[in-house]
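Q: Next up, my_file-v5.tsv (TSV, C-alpha atoms).
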```
chain	number	residue	atom	x	y	z
G	1	MET	CA	138.63	82.55	175.69
G	2	GLN	CA	137.96	79.46	173.61
G	3	PRO	CA	140.72	78.48	171.12
G	4	ALA	CA	139.80	78.76	167.47
G	5	VAL	CA	138.65	75.49	166.05
G	6	THR	CA	139.52	74.65	162.48
G	7	ALA	CA	136.68	72.76	160.88
G	8	ASN	CA	137.39	69.49	159.14
G	9	HIS	CA	136.28	69.30	155.55
G	10	ASP	CA	137.73	65.86	154.90
G	11	VAL	CA	136.47	63.79	152.01
G	12	VAL	CA	136.98	60.06	151.40
G	13	ILE	CA	137.50	59.31	147.71
G	14	GLU	CA	137.39	55.62	146.85
G	15	ILE	CA	138.79	54.51	143.48
G	16	GLY	CA	139.48	50.89	142.63
G	17	GLY	CA	138.30	49.81	146.06
G	18	LEU	CA	141.05	51.86	147.72
G	19	PRO	CA	139.64	54.72	149.82
G	20	ILE	CA	141.87	57.72	150.42
G	21	GLU	CA	140.82	60.37	152.93
G	22	VAL	CA	141.66	63.78	151.50
G	23	GLN	CA	142.04	66.05	154.52
G	24	THR	CA	141.40	69.75	154.19
G	25	THR	CA	140.30	72.59	156.40
G	26	ASP	CA	138.98	74.59	153.46
G	27	ALA	CA	135.27	74.48	152.76
G	28	GLU	CA	135.65	75.69	149.18
G	29	PHE	CA	138.20	72.99	148.41
G	30	GLU	CA	135.85	70.40	149.89
G	31	ARG	CA	133.17	71.71	147.52
G	32	ILE	CA	135.58	71.32	144.59
G	33	LEU	CA	136.35	67.72	145.61
G	34	ARG	CA	132.71	66.79	146.01
G	35	GLY	CA	131.89	68.30	142.63
G	36	ARG	CA	134.66	66.48	140.81
G	37	TYR	CA	134.50	63.06	142.48
G	38	TYR	CA	130.82	62.93	143.51
G	39	ASP	CA	130.24	59.31	142.44
G	40	TYR	CA	133.43	58.24	144.18
G	41	ILE	CA	132.86	59.98	147.49
G	42	LYS	CA	132.27	57.56	150.36
G	43	ARG	CA	130.58	58.20	153.65
G	44	ASP	CA	131.18	56.16	156.76
G	45	VAL	CA	133.96	54.22	155.09
G	46	PRO	CA	137.07	53.81	157.20
G	47	SER	CA	140.13	54.76	155.24
G	48	GLN	CA	143.58	53.38	155.81
G	49	PHE	CA	145.09	55.95	153.47
G	50	SER	CA	145.18	59.72	153.80
G	51	LEU	CA	146.40	62.79	151.97
G	52	GLN	CA	146.60	66.05	153.88
G	53	VAL	CA	146.13	69.01	151.55
G	54	GLN	CA	147.77	72.32	152.36
G	55	LEU	CA	146.50	75.09	150.09
G	56	THR	CA	149.25	77.36	148.79
G	57	ASN	CA	150.06	79.52	145.79
G	58	PRO	CA	151.72	77.39	143.13
G	59	GLU	CA	155.02	78.30	141.44
G	60	SER	CA	153.33	77.89	138.08
G	61	PHE	CA	150.19	76.33	136.69
G	62	ASP	CA	150.56	73.84	133.87
G	63	PRO	CA	148.39	70.75	134.41
G	64	ASP	CA	149.68	69.31	131.11
G	65	ALA	CA	153.31	69.32	132.25
G	66	ASP	CA	154.94	66.04	133.24
G	67	ALA	CA	155.15	65.30	136.91
G	68	GLU	CA	158.40	64.19	138.47
G	69	VAL	CA	158.26	61.33	140.92
G	70	TRP	CA	161.25	60.04	142.84
G	71	LEU	CA	162.09	58.09	145.98
G	72	GLU	CA	163.88	59.72	148.90
G	73	GLY	CA	164.52	57.18	151.57
G	74	ARG	CA	161.18	55.49	152.08
G	75	GLU	CA	159.09	58.38	150.87
G	76	TRP	CA	157.98	59.22	147.37
G	77	LYS	CA	158.25	62.84	146.26
G	78	LEU	CA	155.86	64.16	143.64
G	79	GLN	CA	156.32	67.48	141.90
G	80	ARG	CA	154.89	69.49	139.06
G	81	GLY	CA	154.70	73.26	138.64
G	82	ASP	CA	151.28	73.34	140.28
G	83	PHE	CA	151.88	70.99	143.22
G	84	ARG	CA	154.38	69.36	145.52
G	85	ALA	CA	153.51	66.22	147.42
G	86	ASN	CA	154.95	63.32	149.32
G	87	TRP	CA	153.64	59.83	149.86
G	88	ASN	CA	154.85	57.32	152.45
G	89	PRO	CA	153.66	53.82	151.47
G	90	ALA	CA	154.52	52.28	154.83
G	91	GLU	CA	152.67	54.98	156.77
G	92	ARG	CA	149.92	55.08	154.11
G	93	CYS	CA	149.79	58.85	154.21
G	94	GLY	CA	151.06	61.88	152.44
G	95	LYS	CA	150.89	65.62	152.14
G	96	VAL	CA	150.01	67.79	149.18
G	97	PHE	CA	150.83	71.46	148.66
G	98	GLN	CA	148.66	73.00	145.94
G	99	SER	CA	146.20	75.75	145.20
G	100	ALA	CA	142.45	75.22	145.41
G	101	ASN	CA	141.93	73.55	142.04
G	102	PRO	CA	140.82	70.05	141.01
G	103	TYR	CA	143.59	69.34	138.47
G	104	SER	CA	146.45	69.15	140.92
G	105	ILE	CA	144.73	66.78	143.35
G	106	ASP	CA	143.59	64.71	140.36
G	107	ALA	CA	147.19	64.25	139.22
G	108	VAL	CA	148.32	63.43	142.76
G	109	LEU	CA	145.59	60.82	143.15
G	110	ARG	CA	146.55	59.18	139.86
G	111	ILE	CA	150.19	59.01	140.86
G	112	VAL	CA	149.47	57.74	144.37
G	113	HIS	CA	147.18	55.05	143.02
G	114	THR	CA	149.87	53.86	140.62
G	115	LEU	CA	152.30	53.67	143.53
G	116	MET	CA	149.77	51.69	145.58
G	117	LEU	CA	148.88	49.34	142.75
G	118	ALA	CA	152.38	48.51	141.52
G	119	PRO	CA	153.51	46.17	144.35
G	120	GLU	CA	150.22	44.25	143.96
G	121	GLY	CA	150.62	43.74	140.22
G	122	GLY	CA	148.03	46.32	139.24
G	123	PHE	CA	148.36	49.51	137.23
G	124	LEU	CA	146.65	52.37	135.48
G	125	LEU	CA	146.51	51.94	131.73
G	126	HIS	CA	146.06	54.58	129.06
G	127	ALA	CA	142.89	52.94	127.85
G	128	SER	CA	139.15	53.15	127.80
G	129	SER	CA	137.23	50.32	129.41
G	130	ALA	CA	133.64	49.22	129.67
G	131	VAL	CA	131.44	46.56	131.20
G	132	ARG	CA	129.06	44.45	129.17
G	133	ASN	CA	127.19	41.40	130.44
G	134	GLY	CA	129.15	41.50	133.68
G	135	LYS	CA	132.54	41.43	131.93
G	136	ALA	CA	135.06	44.20	131.43
G	137	PHE	CA	136.71	45.01	128.11
G	138	VAL	CA	139.74	47.25	127.82
G	139	PHE	CA	140.65	49.27	124.72
G	140	THR	CA	144.14	50.64	124.60
G	141	GLY	CA	146.45	52.35	122.18
G	142	LEU	CA	148.46	55.50	121.62
G	143	SER	CA	146.88	58.91	121.13
G	144	GLU	CA	144.19	59.01	118.45
G	145	ALA	CA	143.99	55.20	118.35
G	146	GLY	CA	140.28	55.36	119.19
G	147	LYS	CA	139.96	54.91	122.95
G	148	THR	CA	137.41	57.67	123.41
G	149	THR	CA	135.75	56.71	120.12
G	150	MET	CA	135.07	53.22	121.47
G	151	ALA	CA	133.50	54.78	124.56
G	152	ARG	CA	131.39	57.18	122.47
G	153	LEU	CA	130.17	54.38	120.19
G	154	ALA	CA	129.15	52.08	123.07
G	155	PRO	CA	125.49	51.00	122.92
G	156	SER	CA	123.09	51.45	125.81
G	157	ASP	CA	123.74	48.07	127.42
G	158	VAL	CA	127.39	48.99	127.98
G	159	SER	CA	128.62	50.86	131.06
G	160	ILE	CA	131.72	52.99	130.55
G	161	LEU	CA	134.35	52.69	133.26
G	162	THR	CA	136.59	55.36	131.74
G	163	ASP	CA	137.63	56.75	128.38
G	164	GLU	CA	141.08	57.75	129.59
G	165	ALA	CA	142.76	55.87	132.43
G	166	SER	CA	141.72	52.30	133.08
G	167	TYR	CA	142.19	51.00	136.60
G	168	ILE	CA	143.40	47.42	136.66
G	169	ARG	CA	143.74	45.57	139.89
G	170	ARG	CA	144.92	42.04	140.56
G	171	THR	CA	143.27	39.89	143.20
G	172	GLY	CA	144.78	36.44	143.40
G	173	GLY	CA	145.31	35.40	139.83
G	174	HIS	CA	142.38	37.40	138.50
G	175	TYR	CA	142.16	40.90	137.13
G	176	CYS	CA	139.34	43.38	137.47
G	177	ALA	CA	138.79	46.74	135.83
G	178	TYR	CA	137.32	49.54	137.91
G	179	GLY	CA	135.55	52.73	136.98
G	180	THR	CA	137.51	55.91	137.55
G	181	PRO	CA	136.70	59.60	137.75
G	182	PHE	CA	139.64	60.30	135.42
G	183	ALA	CA	137.84	61.58	132.35
G	184	GLY	CA	139.36	62.16	128.95
G	185	GLU	CA	137.79	63.84	125.95
G	186	LEU	CA	134.46	62.34	126.87
G	187	GLY	CA	134.43	64.80	129.76
G	188	GLU	CA	132.55	62.49	132.10
G	189	PRO	CA	133.71	60.33	134.98
G	190	GLY	CA	133.22	56.61	134.55
G	191	LYS	CA	130.65	54.50	136.32
G	192	ASN	CA	131.84	53.49	139.75
G	193	ILE	CA	131.56	49.75	139.17
G	194	SER	CA	133.98	46.93	138.44
G	195	ALA	CA	134.07	43.64	136.59
G	196	PRO	CA	136.53	40.84	135.76
G	197	ILE	CA	138.48	41.61	132.60
G	198	GLU	CA	137.49	39.40	129.71
G	199	ALA	CA	139.85	40.79	127.09
G	200	VAL	CA	142.18	43.64	126.16
G	201	TYR	CA	142.10	45.10	122.67
G	202	PHE	CA	144.88	47.10	121.03
G	203	LEU	CA	143.11	49.54	118.77
G	204	LYS	CA	143.78	50.32	115.15
G	205	LYS	CA	141.45	52.29	112.91
G	206	ALA	CA	140.72	50.43	109.69
G	207	ALA	CA	138.26	50.10	106.84
G	208	GLU	CA	136.60	47.07	108.37
G	209	ASN	CA	136.16	45.45	111.76
G	210	ARG	CA	138.20	42.44	112.75
G	211	ILE	CA	139.88	40.87	115.74
G	212	ASP	CA	143.28	39.28	115.38
G	213	GLU	CA	145.32	37.35	117.89
G	214	ILE	CA	148.69	38.82	118.73
G	215	ASP	CA	151.89	37.35	119.96
G	216	PRO	CA	152.29	37.56	123.77
G	217	ALA	CA	155.68	39.27	123.44
G	218	VAL	CA	154.13	41.91	121.17
G	219	ALA	CA	151.26	42.32	123.63
G	220	ILE	CA	153.69	42.94	126.49
G	221	GLN	CA	155.63	45.47	124.43
G	222	ARG	CA	152.48	47.35	123.45
G	223	LEU	CA	151.04	47.21	126.95
G	224	LEU	CA	154.20	48.69	128.44
G	225	ARG	CA	153.87	51.68	126.11
G	226	ASN	CA	150.47	52.41	127.58
G	227	ILE	CA	150.89	51.67	131.28
G	228	LEU	CA	150.81	54.92	133.23
G	229	PHE	CA	153.70	55.06	135.58
G	230	PHE	CA	155.52	58.10	136.71
G	231	ALA	CA	158.27	56.81	138.96
G	232	HIS	CA	161.16	55.69	136.81
G	233	GLN	CA	162.89	54.02	139.72
G	234	LYS	CA	164.46	50.60	139.20
G	235	GLU	CA	162.34	48.56	141.55
G	236	MET	CA	159.16	50.25	140.38
G	237	VAL	CA	160.09	49.64	136.74
G	238	ARG	CA	160.61	45.96	137.53
G	239	HIS	CA	157.19	45.84	139.22
G	240	VAL	CA	155.58	47.37	136.14
G	241	PHE	CA	157.37	44.99	133.79
G	242	GLU	CA	156.46	41.90	135.81
G	243	SER	CA	152.90	43.15	136.14
G	244	ALA	CA	152.61	43.53	132.38
G	245	CYS	CA	153.97	40.02	131.80
G	246	ALA	CA	151.62	38.48	134.37
G	247	PHE	CA	148.65	40.38	132.98
G	248	VAL	CA	149.29	39.23	129.41
G	249	ALA	CA	149.66	35.66	130.64
G	250	ALA	CA	146.30	35.81	132.46
G	251	VAL	CA	144.08	37.88	130.15
G	252	PRO	CA	143.60	37.42	126.39
G	253	HIS	CA	144.99	40.28	124.29
G	254	TYR	CA	143.94	41.00	120.71
G	255	GLN	CA	144.30	43.58	118.02
G	256	LEU	CA	140.98	45.21	117.21
G	257	SER	CA	140.96	46.83	113.80
G	258	PHE	CA	137.81	48.88	113.55
G	259	PHE	CA	135.82	51.24	111.43
G	260	PRO	CA	134.59	53.98	113.74
G	261	ASP	CA	130.89	53.31	113.85
G	262	GLN	CA	128.71	51.39	116.27
G	263	ARG	CA	129.00	48.08	114.39
G	264	VAL	CA	132.37	47.46	116.07
G	265	TRP	CA	130.51	46.72	119.29
G	266	GLU	CA	128.92	43.68	117.64
G	267	LEU	CA	132.32	42.03	118.08
G	268	ILE	CA	132.60	42.85	121.78
G	269	GLY	CA	131.06	40.82	124.59
M	1	MET	CA	186.74	46.85	117.10
M	2	ASP	CA	186.89	43.17	116.22
M	3	LEU	CA	183.78	41.75	117.74
M	4	THR	CA	184.58	38.11	117.14
M	5	GLU	CA	186.51	37.58	120.36
M	6	MET	CA	184.51	39.96	122.49
M	7	TYR	CA	182.34	38.87	125.41
M	8	LEU	CA	178.77	40.00	125.93
M	9	THR	CA	177.11	40.37	129.31
M	10	GLN	CA	173.51	41.18	130.09
M	11	SER	CA	173.09	44.35	132.11
M	12	PRO	CA	171.73	43.90	135.65
M	13	ASP	CA	169.66	47.05	135.10
M	14	ILE	CA	167.01	45.39	133.00
M	15	ALA	CA	163.88	43.31	133.27
M	16	ALA	CA	163.43	40.68	130.57
M	17	ARG	CA	161.09	37.90	129.56
M	18	THR	CA	161.51	35.37	126.78
M	19	LEU	CA	158.30	34.09	125.24
M	20	GLY	CA	158.76	31.52	122.54
M	21	ASP	CA	161.36	32.87	120.13
M	22	ASP	CA	161.02	36.52	121.20
M	23	THR	CA	162.35	38.46	124.16
M	24	VAL	CA	161.00	41.67	125.66
M	25	ILE	CA	163.50	43.76	127.58
M	26	MET	CA	162.89	46.89	129.62
M	27	SER	CA	165.63	49.13	130.87
M	28	THR	CA	165.16	49.95	134.54
M	29	ILE	CA	167.25	53.07	134.00
M	30	ASP	CA	165.09	54.87	131.45
M	31	SER	CA	162.15	52.46	130.93
M	32	THR	CA	162.93	51.97	127.23
M	33	VAL	CA	161.46	48.75	125.86
M	34	PHE	CA	163.17	46.49	123.34
M	35	MET	CA	161.83	43.54	121.42
M	36	LEU	CA	164.26	40.89	120.24
M	37	ASN	CA	163.40	38.49	117.43
M	38	SER	CA	164.58	34.89	117.34
M	39	VAL	CA	168.14	35.75	116.32
M	40	GLY	CA	168.39	38.52	118.89
M	41	THR	CA	166.99	36.19	121.54
M	42	ALA	CA	169.57	33.54	120.68
M	43	ILE	CA	172.38	36.08	121.14
M	44	TRP	CA	170.81	37.54	124.28
M	45	LYS	CA	170.42	34.15	125.96
M	46	SER	CA	174.07	33.33	125.26
M	47	ALA	CA	175.35	36.68	126.59
M	48	ASP	CA	176.73	35.13	129.77
M	49	GLY	CA	180.01	37.04	129.86
M	50	THR	CA	182.10	33.92	129.30
M	51	THR	CA	181.19	32.77	125.79
M	52	PRO	CA	183.07	34.56	123.02
M	53	LEU	CA	180.87	36.20	120.42
M	54	SER	CA	182.37	34.05	117.67
M	55	THR	CA	181.07	30.97	119.49
M	56	ILE	CA	177.67	32.55	120.07
M	57	ILE	CA	177.34	33.45	116.41
M	58	HIS	CA	178.49	30.07	115.15
M	59	GLU	CA	176.62	27.83	117.59
M	60	SER	CA	173.50	29.83	118.45
M	61	VAL	CA	172.88	31.70	115.22
M	62	CYS	CA	174.42	30.04	112.17
M	63	SER	CA	173.56	26.54	113.29
M	64	GLN	CA	169.89	27.45	113.83
M	65	PHE	CA	169.30	29.93	111.05
M	66	ASP	CA	170.26	29.69	107.42
M	67	VAL	CA	172.93	32.42	107.36
M	68	THR	CA	176.66	32.61	106.79
M	69	ASP	CA	179.05	33.62	109.56
M	70	GLU	CA	179.78	36.89	107.73
M	71	GLN	CA	176.11	37.85	107.41
M	72	ALA	CA	175.43	36.81	110.99
M	73	PHE	CA	178.29	38.96	112.27
M	74	ALA	CA	177.16	41.95	110.22
M	75	ASP	CA	173.62	41.66	111.60
M	76	ALA	CA	174.87	40.97	115.11
M	77	LYS	CA	177.10	44.05	115.12
M	78	GLU	CA	174.17	46.33	114.39
M	79	PHE	CA	172.06	44.61	117.03
M	80	ILE	CA	174.83	44.65	119.62
M	81	ASP	CA	175.74	48.29	118.97
M	82	LYS	CA	172.13	49.25	119.60
M	83	LEU	CA	171.78	47.32	122.86
M	84	VAL	CA	175.20	48.38	124.14
M	85	GLY	CA	174.31	51.98	123.33
M	86	HIS	CA	171.24	51.71	125.54
M	87	GLY	CA	173.09	49.94	128.35
M	88	ILE	CA	171.21	46.67	127.86
M	89	LEU	CA	174.35	44.72	127.03
M	90	SER	CA	177.94	45.36	127.94
M	91	ILE	CA	180.87	44.23	125.84
M	92	SER	CA	184.40	43.43	126.98
M	93	GLU	CA	187.64	42.08	125.61
M	94	SER	CA	187.98	39.44	128.31
M	95	PRO	CA	185.52	37.10	130.04
M	96	VAL	CA	183.45	38.62	132.80
M	97	PRO	CA	183.17	36.41	135.89
M	98	PRO	CA	179.63	35.63	137.02
M	99	ARG	CA	178.24	37.92	139.73
M	100	GLN	CA	178.76	36.52	143.19
M	101	ALA	CA	175.55	36.06	145.23
M	102	LEU	CA	175.60	38.12	148.43
```
Take the structure from the file and write it as structure tokens.
A:
Amino acid sequence: MQPAVTANHDVVIEIGGLPIEVQTTDAEFERILRGRYYDYIKRDVPSQFSLQVQLTNPESFDPDADAEVWLEGREWKLQRGDFRANWNPAERCGKVFQSANPYSIDAVLRIVHTLMLAPEGGFLLHASSAVRNGKAFVFTGLSEAGKTTMARLAPSDVSILTDEASYIRRTGGHYCAYGTPFAGELGEPGKNISAPIEAVYFLKKAAENRIDEIDPAVAIQRLLRNILFFAHQKEMVRHVFESACAFVAAVPHYQLSFFPDQRVWELIG
Amino acid sequence: MDLTEMYLTQSPDIAARTLGDDTVIMSTIDSTVFMLNSVGTAIWKSADGTTPLSTIIHESVCSQFDVTDEQAFADAKEFIDKLVGHGILSISESPVPPRQAL
């Protein structure tokens, strides 16, 4: 009698040039992944990173709850009511326990990417970003500052990378922004492209449009408020801080006061 | 507590960067971020554990900024209380020897 064979329904999801193979034996979960990340699914791309997903019943389901992330030995532990996961940076692999839904794996991917980016000086930023004329522009600020508004107002020659979580990666002394599937209120994944970052704008709604220079120390302080990092562990916090300082030193930062109509884009690019 | 002969030491559980006259500090314990202005930066940079606060105030603050010792101490106390409360600075009644490199 032949042993039962469990089919592989693995999917490689590449974000920011970092492909992660999400391993599952569940065809329905594969369908969910392909539906959510379709523009970021890669075929025939070798992946050095993997996440094995074990489908379970969650203790609770609150995708808006904060995730806890902590280091145990050399392995990161990730936990929220709807998932448990671990990630071993040295082994480049991890395991996820969740139900068959896209929100849990989405949160895990965000967290794992922040853990991968931090030692390299990169990070996820609570920001929208877009490419115009081959250059990336990042728009950041607290809730209701206008991140999604900037994305909605973008003219047709602008490609939106994200309206929610900007992916910033450092290569040498240069920084690039990458499209991500992490959608905000716009409800759409970003274009899967990348470009060198020309400028970062801290948003402020105003009666008229203007760009003002800001002090580097103020830029670092504001940037740190908006960097997405979940692991409040000393070494990781230092990485994030140093990354913010290096980023501000390398990329111009401005305050963009704007009236929310399309004319603001006349100042960009 | 008479601050004048106290000694300030920077916490090891922080990340900090001075840019021009300002300093940004992040606690590695709870990720809180602080921004110090020029006066705060002057005090912060002198918080070496061996310089009494009276000397810091007189030489680093009063000599550079147009304030009296009394005003400088009053402002410094508020600033120091805040940073000590968040574990960014520690304060002691005697000098703190420098950390030995391992």
Q: Quick check, in Å to one decimal: how far apart do atom CA of G:Phe259 and atom CA of G:Ala145 lie?
A: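 Between atom CA of G:Phe259 and atom CA of G:Ala145 the gap is 11.4 Å.
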Q: Contacts from chain G to chain M, 7 Å maximum, all atoms listed in the file: show me the residue list as an mmCIF file with C-alpha atoms, keeping the file's coordinate frame.
A:
```
data_model
loop_
_atom_site.group_PDB
_atom_site.id
_atom_site.type_symbol
_atom_site.label_atom_id
_atom_site.label_comp_id
_atom_site.auth_asym_id
_atom_site.auth_seq_id
_atom_site.Cartn_x
_atom_site.Cartn_y
_atom_site.Cartn_z
ATOM 1 C CA ALA G 217 155.680 39.270 123.440
ATOM 2 C CA GLN G 221 155.630 45.470 124.430
ATOM 3 C CA HIS G 232 161.160 55.690 136.810
ATOM 4 C CA GLN G 233 162.890 54.020 139.720
ATOM 5 C CA LYS G 234 164.460 50.600 139.200
ATOM 6 C CA VAL G 237 160.090 49.640 136.740
ATOM 7 C CA ARG G 238 160.610 45.960 137.530
ATOM 8 C CA PHE G 241 157.370 44.990 133.790
#
```
Q: For G:Val22, which of G:Asp66, G:Glu208, G:Asp106, G:Asp39 is the closest residue, counting only C-alpha atoms?
A: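 Using only C-alpha atoms, G:Val22 sits closest to G:Asp106.
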Q: Work out how far apart atom CA of G:Leu18 and atom CA of G:Ala199 are and give it in Å to one decimal.
A: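 Going from atom CA of G:Leu18 over to atom CA of G:Ala199, I get 23.4 Å.
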Q: Identify which of the residues G:Lys147, G:Glu198, G:Phe229, G:Thr171 lies closest to G:Phe258, counting all atoms listed in the file when measuring atom-to-atom distances.
A: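 Of all the options, G:Lys147 lies closest to G:Phe258.
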Q: Write out as an mmCIF file with C-alpha atoms, keeping the file's coordinate frame the residues lying within 6 Å of stretch 94-99 of chain M, counting all atoms listed in the file and excluding same-chain residues fewer than 5 positions away.
A:
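File part-v2.cif, as written:
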```
data_model
loop_
_atom_site.group_PDB
_atom_site.id
_atom_site.type_symbol
_atom_site.label_atom_id
_atom_site.label_comp_id
_atom_site.auth_asym_id
_atom_site.auth_seq_id
_atom_site.Cartn_x
_atom_site.Cartn_y
_atom_site.Cartn_z
ATOM 1 C CA TYR M 7 182.340 38.870 125.410
ATOM 2 C CA GLY M 49 180.010 37.040 129.860
ATOM 3 C CA THR M 50 182.100 33.920 129.300
#
```
Q: Could you give me, as a PyMOL selection string, the residues within 9 Å of M:Ile80, counting all atoms listed in the file and dropping anything in the same chain fewer than 5 positions from it?
A: chain M and resi 8+40+75+85+89-91
Q: Taking (147.3, 39.3, 123.2) in the file's own coordinates, collect the residues within 9 Å, counting all atoms listed in the file, and hand them back as a list in words.
A: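 Final list of nearby residues, as requested, is Ala199, Val200, Tyr201, Phe202, Asp212, Glu213, Ile214, Asp215, Pro216, Ala217, Val218, Ala219, Ile220, Val248, Ala249, Val251, Pro252, His253, Tyr254 and Gln255 of chain G.
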Q: Enumerate, as a ChimeraX atom specification, the protein, DNA and RNA residues whose atoms approach (177.2, 37.8, 120.7) to within 10 Å, taking into account all atoms listed in the file and the coordinate frame of the file.
A: /M:3-9,40,42-49,51-58,60-61,72-73,76-77,79-80,89,91
Q: Kindly indicate which residue among G:Asp10, G:Ser47, G:Glu75, G:Ile15 lies nearest to G:Gly179, using all atoms listed in the file for the distances.
A: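 That would be G:Ile15, the residue with the smallest distance to G:Gly179.
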